[in-house]
Structure formats: structure tokens, C-alpha cells
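Just final_17.txt here, compact mmCIF, C-alpha atoms and all ligand atoms:
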# COMPACT_ATOMS: atom_id res chain seq x y z
CA MET A 1100 124.37 63.11 111.49
CA ASN A 1101 120.73 62.76 110.55
CA ILE A 1102 120.91 61.07 107.15
CA GLY A 1103 117.81 61.82 105.15
CA LYS A 1104 116.79 64.67 107.46
CA ILE A 1105 117.40 68.33 106.78
CA HIS A 1106 119.63 69.80 109.44
CA ILE A 1107 120.97 73.36 109.37
CA THR A 1108 124.74 73.47 109.72
CA GLY A 1109 125.34 77.21 109.33
CA SER A 1110 124.46 80.37 107.47
CA GLU A 1111 126.17 83.31 105.84
CA SER A 1112 126.34 86.36 108.04
CA ASN A 1113 125.64 88.84 105.25
CA PRO A 1114 122.91 88.82 102.60
CA PHE A 1115 124.13 87.83 99.12
CA HIS A 1116 121.40 90.02 97.61
CA THR A 1117 118.86 92.64 98.71
CA LEU A 1118 115.72 94.07 97.21
CA SER A 1119 114.52 97.56 98.04
CA TYR A 1120 110.79 97.90 98.78
CA GLN A 1121 108.30 100.07 100.60
CA ARG A 1122 106.52 99.12 103.78
CA ILE A 1123 104.91 100.77 106.78
CA ASP A 1124 107.08 101.28 109.82
CA GLU A 1125 105.89 100.93 113.42
CA SER A 1126 104.84 104.58 113.58
CA GLY A 1127 102.65 104.18 110.49
CA ARG A 1128 104.91 105.96 108.02
CA ILE A 1129 106.06 104.59 104.68
CA GLU A 1130 109.66 103.51 104.81
CA GLN A 1131 112.10 102.22 102.23
CA ALA A 1132 113.36 98.85 103.44
CA ASN A 1133 115.90 96.34 102.17
CA LEU A 1134 114.73 92.76 101.95
CA PRO A 1135 117.72 90.49 102.66
CA PHE A 1136 118.33 87.27 100.69
CA ILE A 1137 120.47 85.03 102.91
CA LYS A 1138 122.08 81.63 102.32
CA VAL A 1139 121.49 78.94 104.94
CA PHE A 1140 123.42 75.68 104.71
CA VAL A 1141 121.99 72.24 105.35
CA ASN A 1142 123.54 68.79 105.56
CA TYR A 1143 121.09 67.20 103.15
CA LEU A 1144 118.64 67.85 100.35
CA PRO A 1145 116.98 65.01 98.41
CA ASP A 1146 118.24 64.15 94.92
CA GLY A 1147 116.85 66.54 92.34
CA LEU A 1148 116.29 69.31 94.85
CA ASP A 1149 119.19 71.76 94.93
CA ALA A 1150 117.60 74.56 96.98
CA ILE A 1151 114.63 75.37 99.17
CA VAL A 1152 113.67 79.03 99.47
CA ALA A 1153 111.70 80.02 102.57
CA CYS A 1154 110.10 83.40 103.15
CA ALA A 1155 107.47 85.03 105.35
CA ASP A 1156 106.03 88.42 106.24
CA LEU A 1157 106.80 90.19 102.99
CA GLN A 1158 104.30 92.94 103.81
CA GLY A 1159 105.34 95.63 101.41
CA ARG A 1160 105.17 96.79 97.83
CA TRP A 1161 107.54 97.28 94.95
CA LYS A 1162 107.84 100.70 93.35
CA ASP A 1163 105.30 99.76 90.67
CA GLY A 1164 102.72 98.91 93.34
CA SER A 1165 103.05 95.10 93.08
CA LEU A 1166 103.10 93.07 96.27
CA ILE A 1167 106.78 92.54 97.01
CA GLY A 1168 106.33 88.74 97.18
CA CYS A 1169 105.48 88.71 93.43
CA ILE A 1170 108.70 90.58 92.69
CA VAL A 1171 110.74 88.25 94.93
CA ALA A 1172 109.64 85.30 92.77
CA GLU A 1173 110.81 87.15 89.61
CA GLU A 1174 114.05 88.19 91.28
CA LEU A 1175 114.85 84.62 92.37
CA GLU A 1176 114.23 83.44 88.82
CA ILE A 1177 116.67 86.06 87.49
CA LEU A 1178 119.30 85.06 90.09
CA SER A 1179 118.88 81.49 88.95
CA GLN A 1180 119.27 82.47 85.28
CA MET A 1181 122.48 84.29 86.25
CA ASP A 1182 123.73 81.06 87.87
CA GLU A 1183 123.82 82.70 91.28
CA LEU A 1184 121.23 80.20 92.48
CA PRO A 1185 120.30 76.66 91.42
CA ALA A 1186 117.90 76.07 88.54
CA VAL A 1187 114.24 76.96 89.17
CA GLU A 1188 113.17 73.39 88.36
CA LYS A 1189 115.43 72.18 91.17
CA THR A 1190 114.22 74.78 93.70
CA GLY A 1191 111.28 74.33 96.06
CA ILE A 1192 109.46 77.27 97.67
CA ILE A 1193 108.15 77.46 101.24
CA LEU A 1194 105.76 80.30 102.12
CA CYS A 1195 105.10 80.87 105.83
CA GLY A 1196 102.41 83.51 105.61
CA ASP A 1197 101.65 87.24 105.60
CA PHE A 1198 102.32 88.47 102.09
CA TYR A 1199 99.87 91.37 101.95
CA ALA A 1200 100.32 95.11 102.28
CA ARG A 1201 97.55 97.64 101.69
CA GLU A 1202 97.58 99.15 98.22
CA ASN A 1203 98.23 102.70 99.38
CA LEU A 1204 100.44 101.63 102.29
CA ASP A 1205 98.17 103.78 104.44
CA ARG A 1206 98.37 101.53 107.47
CA ARG A 1207 100.22 98.55 108.85
CA GLY A 1208 98.71 95.11 109.21
CA GLY A 1209 96.21 95.17 106.36
CA THR A 1210 94.56 91.91 105.36
CA GLY A 1211 94.16 91.03 101.70
CA ASP A 1212 94.40 88.63 98.79
CA VAL A 1213 97.81 87.01 98.40
CA ALA A 1214 96.83 84.42 95.76
CA ASP A 1215 98.94 86.20 93.11
CA VAL A 1216 102.04 86.01 95.30
CA TRP A 1217 101.63 82.24 95.58
CA ARG A 1218 100.94 81.96 91.83
CA SER A 1219 104.02 84.01 91.05
CA PHE A 1220 106.15 81.39 92.83
CA ALA A 1221 104.14 78.34 91.75
CA LYS A 1222 104.45 79.07 88.02
CA ARG A 1223 108.24 79.42 88.17
CA PHE A 1224 109.55 76.85 90.63
CA ARG A 1225 109.61 73.08 91.23
CA TRP A 1226 106.90 73.33 93.88
CA CYS A 1227 105.30 75.92 96.13
CA ILE A 1228 104.11 74.78 99.57
CA GLY A 1229 102.92 77.02 102.36
CA VAL A 1230 100.62 78.10 105.12
CA ALA A 1231 98.52 81.23 105.51
CA GLY A 1232 99.42 84.05 107.88
CA ASN A 1233 96.91 85.94 109.98
CA HIS A 1234 96.69 88.74 107.38
CA ASP A 1235 96.26 86.55 104.30
CA ILE A 1236 93.16 85.76 102.34
CA PHE A 1237 93.06 83.87 99.08
CA SER A 1238 91.09 84.66 95.99
CA ALA A 1239 87.45 85.54 96.67
CA MET A 1240 87.39 84.34 100.30
CA PRO A 1241 85.16 83.88 102.30
CA ASP A 1242 83.68 82.27 99.18
CA GLU A 1243 84.65 78.66 99.94
CA LYS A 1244 84.36 77.59 96.31
CA ALA A 1245 86.82 80.24 95.17
CA PHE A 1246 89.24 79.22 97.93
CA GLU A 1247 88.92 75.54 96.98
CA LYS A 1248 89.56 76.45 93.34
CA PHE A 1249 92.70 78.34 94.32
CA LYS A 1250 93.97 75.41 96.39
CA ASN A 1251 93.53 73.13 93.38
CA GLU A 1252 95.49 75.35 91.01
CA GLU A 1253 98.52 73.75 89.44
CA GLY A 1254 101.66 73.98 91.56
CA ILE A 1255 99.86 75.34 94.66
CA HIS A 1256 100.12 73.21 97.82
CA PHE A 1257 98.27 74.91 100.64
CA LEU A 1258 98.64 73.33 104.08
CA ASP A 1259 96.31 73.73 107.03
CA ALA A 1260 96.61 70.96 109.59
CA SER A 1261 97.73 68.77 106.69
CA CYS A 1262 100.80 67.18 105.12
CA ILE A 1263 102.23 66.55 101.67
CA VAL A 1264 105.16 64.45 100.50
CA LYS A 1265 107.42 66.12 97.92
CA ASP A 1266 110.86 64.91 96.89
CA GLN A 1267 110.67 62.29 99.67
CA LEU A 1268 110.20 65.04 102.26
CA LYS A 1269 107.14 64.98 104.48
CA ILE A 1270 106.12 68.61 104.77
CA CYS A 1271 103.32 69.48 107.19
CA GLY A 1272 101.78 72.81 108.14
CA ILE A 1273 99.17 74.59 110.19
CA SER A 1274 97.90 77.90 108.84
CA GLY A 1275 97.26 81.02 110.88
CA ILE A 1276 97.71 81.70 114.56
CA ILE A 1277 96.07 81.10 117.93
CA GLY A 1278 93.21 83.57 118.28
CA ASN A 1279 89.50 84.21 117.92
CA PRO A 1280 88.25 81.37 115.69
CA ARG A 1281 85.54 83.60 114.21
CA LYS A 1282 88.33 85.41 112.39
CA VAL A 1283 89.95 83.82 109.37
CA PHE A 1284 92.99 81.55 109.94
CA ARG A 1285 92.71 81.54 113.73
CA ARG A 1286 92.14 78.64 116.08
CA THR A 1287 91.57 78.53 119.81
CA ASP A 1288 94.58 77.53 121.89
CA VAL A 1289 92.97 74.12 122.54
CA GLU A 1290 92.35 73.52 118.82
CA PHE A 1291 95.81 74.68 117.80
CA GLN A 1292 97.49 72.44 120.35
CA LYS A 1293 95.33 69.53 119.25
CA GLU A 1294 96.38 70.05 115.62
CA MET A 1295 100.03 70.33 116.69
CA GLY A 1296 99.72 66.93 118.37
CA ASN A 1297 98.10 65.38 115.28
CA ILE A 1298 100.69 66.83 112.91
CA LEU A 1299 103.69 65.86 115.03
CA GLN A 1300 102.40 62.28 115.15
CA GLN A 1301 102.95 62.18 111.39
CA SER A 1302 106.71 62.76 111.84
CA PRO A 1303 107.20 65.70 109.49
CA ASP A 1304 110.65 66.49 108.08
CA LEU A 1305 109.58 70.11 107.70
CA LEU A 1306 106.86 71.76 109.77
CA LEU A 1307 105.53 75.07 108.49
CA LEU A 1308 103.82 77.49 110.89
CA HIS A 1309 103.12 81.20 110.68
CA ASP A 1310 103.69 81.93 114.36
CA GLY A 1311 105.85 79.42 116.19
CA PRO A 1312 107.36 78.75 119.57
CA ASP A 1313 108.92 81.40 121.73
CA PHE A 1314 112.37 80.64 123.12
CA PRO A 1315 112.78 82.38 126.47
CA GLU A 1316 116.38 81.17 126.92
CA GLU A 1317 117.44 83.49 124.12
CA ASN A 1318 114.67 86.06 124.60
CA LEU A 1319 113.05 85.19 121.29
CA ASP A 1320 109.42 86.09 120.76
CA GLY A 1321 106.69 83.65 119.81
CA ASN A 1322 103.97 81.55 121.32
CA GLN A 1323 104.38 79.75 124.62
CA LEU A 1324 101.61 77.21 123.92
CA ILE A 1325 103.20 76.24 120.62
CA ARG A 1326 106.51 75.80 122.44
CA GLU A 1327 104.84 73.56 124.98
CA SER A 1328 103.21 71.41 122.33
CA LEU A 1329 106.39 71.06 120.28
CA ILE A 1330 107.45 67.57 121.21
CA SER A 1331 109.05 65.29 118.65
CA LYS A 1332 111.11 62.15 118.89
CA ASN A 1333 112.35 62.59 115.32
CA HIS A 1334 114.51 65.28 113.83
CA LEU A 1335 112.38 68.11 112.53
CA LEU A 1336 113.03 71.51 110.98
CA LEU A 1337 110.30 74.00 111.82
CA ILE A 1338 110.05 77.07 109.59
CA ARG A 1339 108.13 80.06 110.90
CA GLY A 1340 107.58 83.81 110.50
CA HIS A 1341 105.32 86.36 112.22
CA LYS A 1342 107.86 87.57 114.81
CA HIS A 1343 111.23 89.21 114.39
CA TRP A 1344 114.17 87.30 115.84
CA ASP A 1345 117.73 88.54 116.11
CA GLN A 1346 118.97 85.15 114.94
CA LEU A 1347 118.04 83.12 111.90
CA TYR A 1348 117.66 79.76 113.57
CA ILE A 1349 117.89 78.00 116.90
CA GLN A 1350 118.52 74.51 118.15
CA PHE A 1351 115.22 74.23 120.05
CA ASN A 1352 116.16 70.88 121.58
CA GLU A 1353 118.06 67.78 120.52
CA GLN A 1354 115.53 66.88 117.83
CA ILE A 1355 114.18 70.22 116.65
CA GLN A 1356 115.61 73.24 114.88
CA VAL A 1357 113.55 76.37 114.24
CA LEU A 1358 114.28 78.68 111.30
CA ASN A 1359 112.74 82.15 111.30
CA ALA A 1360 111.99 83.60 107.84
CA HIS A 1361 110.28 86.77 109.08
CA GLU A 1362 110.91 89.59 106.53
CA LYS A 1363 113.63 87.55 104.85
CA VAL A 1364 114.27 85.38 101.83
CA LEU A 1365 116.24 82.38 103.06
CA VAL A 1366 117.88 80.09 100.52
CA LEU A 1367 118.65 76.64 101.91
CA LEU A 1368 121.54 75.06 100.05
CA LYS A 1369 123.53 71.91 100.56
CA GLU A 1370 126.76 72.76 102.36
CA ASN A 1371 129.94 72.29 100.37
CA ILE A 1372 131.37 69.06 101.61
FE FE B 1401 101.59 87.52 111.12
Take the structure in the file and write it out as C-alpha cells.
Amino acid sequence: MNIGKIHITGSESNPFHTLSYQRIDESGRIEQANLPFIKVFVNYLPDGLDAIVACADLQGRWKDGSLIGCIVAEELEILSQMDELPAVEKTGIILCGDFYARENLDRRGGTGDVADVWRSFAKRFRWCIGVAGNHDIFSAMPDEKAFEKFKNEEGIHFLDASCIVKDQLKICGISGIIGNPRKVFRRTDVEFQKEMGNILQQSPDLLLLHDGPDFPEENLDGNQLIRESLISKNHLLLIRGHKHWDQLYIQFNEQIQVLNAHEKVLVLLKENI
């Protein structure tokens, strides 16, 4: 058992809650989708932290037009008030990128401002830590000053090739994906691998990425170069989004587990001992 390290021991097979929202399907049409809220059990959470909620790729809108991520934050708060989830002040939030959907849902893959989604979580919960996806921009980007101001807002902890310690957990993250570095939140393969090496040297407990490794053994989609650079001597839980997987998490190797939050709200809770 990895004392002091978060290790997934199981998950519920059915969502304990769903939220209906609109998004664009693969053929470009608006579809009504159900966002699943699923409980994932871990062996350990630090004192004072009763839950970690991880989500990614919430690229849709609520019926009133709000980005669905904003509504998820409200919904989690209500579930907490109803005692279905731990108290908000004992719940940390992990955001793994891609929280935008175009206002009119007129096409898939729109890029836009997700600052309000982050704020919606940050103002309610113990902390809010995350990385950007490839479709996210923040505040008045590319205005660097506006982006800096956003990153300094209370409760916001934006990671990009950086780490933070919260509740004795070292949480590190790299924003964006491998791609054309002239586009926002993209690095060349060489740069991304270099940052992976730097970050892993810092022995994170949690590593947040938007895309993550593929896993050919189980036919799970992702990035081969990230897989190849994912070498750790210490136990590490990597949380990712960007690609749909048929399973919530994998044992990547002896040290590393990977949890996929793509189009899901995953609530990490301490297993009942
Ligand atoms: Fe993405």
C-alpha cells in the first residue's frame, strides 16, 4: 500500500447522478447528452480533504445557454448541501481542460473563454487546480496582462509546466497538447517531452494533462510520445481528458495509474475501510 499516495482502488459502475446538457455530436448536430457523475474510490486523501472532483471536456451548454461547466459547479454544491457529497470546503477541484462550446452550438470544437467555468468552481470549493485544453482561452487572451490577472485571481491555480503543493499533495500539470506551437496551448513534441521530464523529476502525487498517454494493450487512445516519456520511480496518479476511453482508469505500470475524466465528473472519495 502506498501510504501518503493516492491510489485508485475501485469505482462504481453506474453514475450516482447525471446532468442533461446540449452538445454537438460527431455529425455536427445538436444532441441532448447526459453528463455522468461517477464515484471513484482511493486508498488515501490527506486530512481535511474529503473529496477531489476531476472533470474534463465539458464542451456543451445548459438549457439557459451557460457553459455546462458553470452548472456542474453549482450542481456539485447542491449535492454537497444535500449531504450526498462531502462539504465544499473539504472538496478540491481538478480541471483537465476543454470547457468551451460555441454559443449557438453551431459547430464542434470551438475555442473560447472558459475563465467563468474556473471561477464558478474556485468560488465554491476548497481549491481549484487545472490545466488548459487545446480549445480553451482565458479572459482577454492573447492579452498577456489579462491572462496573468486571471491566473492571480483568488482560488485559481493554473498549471502549465508547473507544480503546486495543496493539502500536502504535490500537484503538477502541463497545459495543452503536442502541436503547432504558434497556436495557443500547444508545444512541439520535443518541448512537450522536455517538460514531461522536468515535471516528473519533481515527483508529483497528481499529474494533470489534457491529452495523455495512449495504452495500446487495451486499445486506448492518446499520445504515444507522452506514453514514452511517462517514466516515474514514485507512485503517481495522472489525470487526463481529451480522448474517450471505455474504462475510467488503468494501471499504466507498477508506479503509475491514469484516470480519464473525458466528458465526466469523477468524484474521488476515500474507500470505506
Ligand atoms: Fe481537447
Protein and nucleic residues near ligand FE 1401 (chain B), 12 Å, all atoms listed in the file, as an MDAnalysis selection string: chainID A and resid 1155:1158 1195:1200 1207:1210 1230:1235 1274:1278 1284:1285 1308:1311 1321 1339:1343 1360:1362
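For Thr1117 (chain A), the non-local neighbours within 8 Å, defined as residues at least 3 positions apart in the same chain or in other chains and counting only C-alpha atoms, are Pro1114, Asn1133, Leu1134, Pro1135 and Phe1136 of chain A.
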Of the listed residues A:Ile1193, A:Val1264, A:Ile1167, A:Met1181, that which approaches Val1216 (chain A) most closely, counting only C-alpha atoms: A:Ile1167
6 Å contact set for Leu1358 (chain A), all atoms listed in the file, chain neighbours under 3 positions out, as a ChimeraX atom specification: /A:1338,1347-1348
Residues near Met1240 (chain A), cut-off 9 Å, all atoms listed in the file, skip fewer than 5 positions along chain, as a PDB file with C-alpha atoms, in the frame of the given file:
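Once written, out14.pdb looks like this:
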ATOM      1  CA  ASP A1212      94.400  88.630  98.790  1.00  0.00           C
ATOM      2  CA  ALA A1245      86.820  80.240  95.170  1.00  0.00           C
ATOM      3  CA  PHE A1246      89.240  79.220  97.930  1.00  0.00           C
TER       4      PHE A1246
END
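What separates CA of Asp1304 (chain A) from CA of Cys1271 (chain A) is a distance of 8.0 Å.
Considering the residues A:Pro1303, A:Gly1296, A:Gly1229, A:Pro1185 and counting all atoms listed in the file, Gly1147 (chain A) has its shortest atom-to-atom contact with A:Pro1185.
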Cut-off 7 Å around (108.6, 74.2, 89.7) with all atoms listed in the file: residues as a ChimeraX atom specification: /A:1187-1188,1190-1191,1221-1226
Output of the above residues as a tab-separated table (two decimals), keeping the file's coordinate frame, restricted to C-alpha atoms:
chain	number	residue	atom	x	y	z
A	1187	VAL	CA	114.24	76.96	89.17
A	1188	GLU	CA	113.17	73.39	88.36
A	1190	THR	CA	114.22	74.78	93.70
A	1191	GLY	CA	111.28	74.33	96.06
A	1221	ALA	CA	104.14	78.34	91.75
A	1222	LYS	CA	104.45	79.07	88.02
A	1223	ARG	CA	108.24	79.42	88.17
A	1224	PHE	CA	109.55	76.85	90.63
A	1225	ARG	CA	109.61	73.08	91.23
A	1226	TRP	CA	106.90	73.33	93.88
Given only C-alpha atoms as the counted atoms, nearest of A:Ser1119, A:Thr1108, A:Ser1126, A:Asn1371 to Val1141 (chain A): A:Thr1108
As JSON, please: the centre and edge lengths in Å, to one decimal, of an axis-aligned box enclosing every listed atom of region 1302-1318 of chain A with 4 Å added on each side.
{"center_x": 110.3, "center_y": 74.4, "center_z": 117.3, "size_x": 22.3, "size_y": 31.3, "size_z": 27.2}
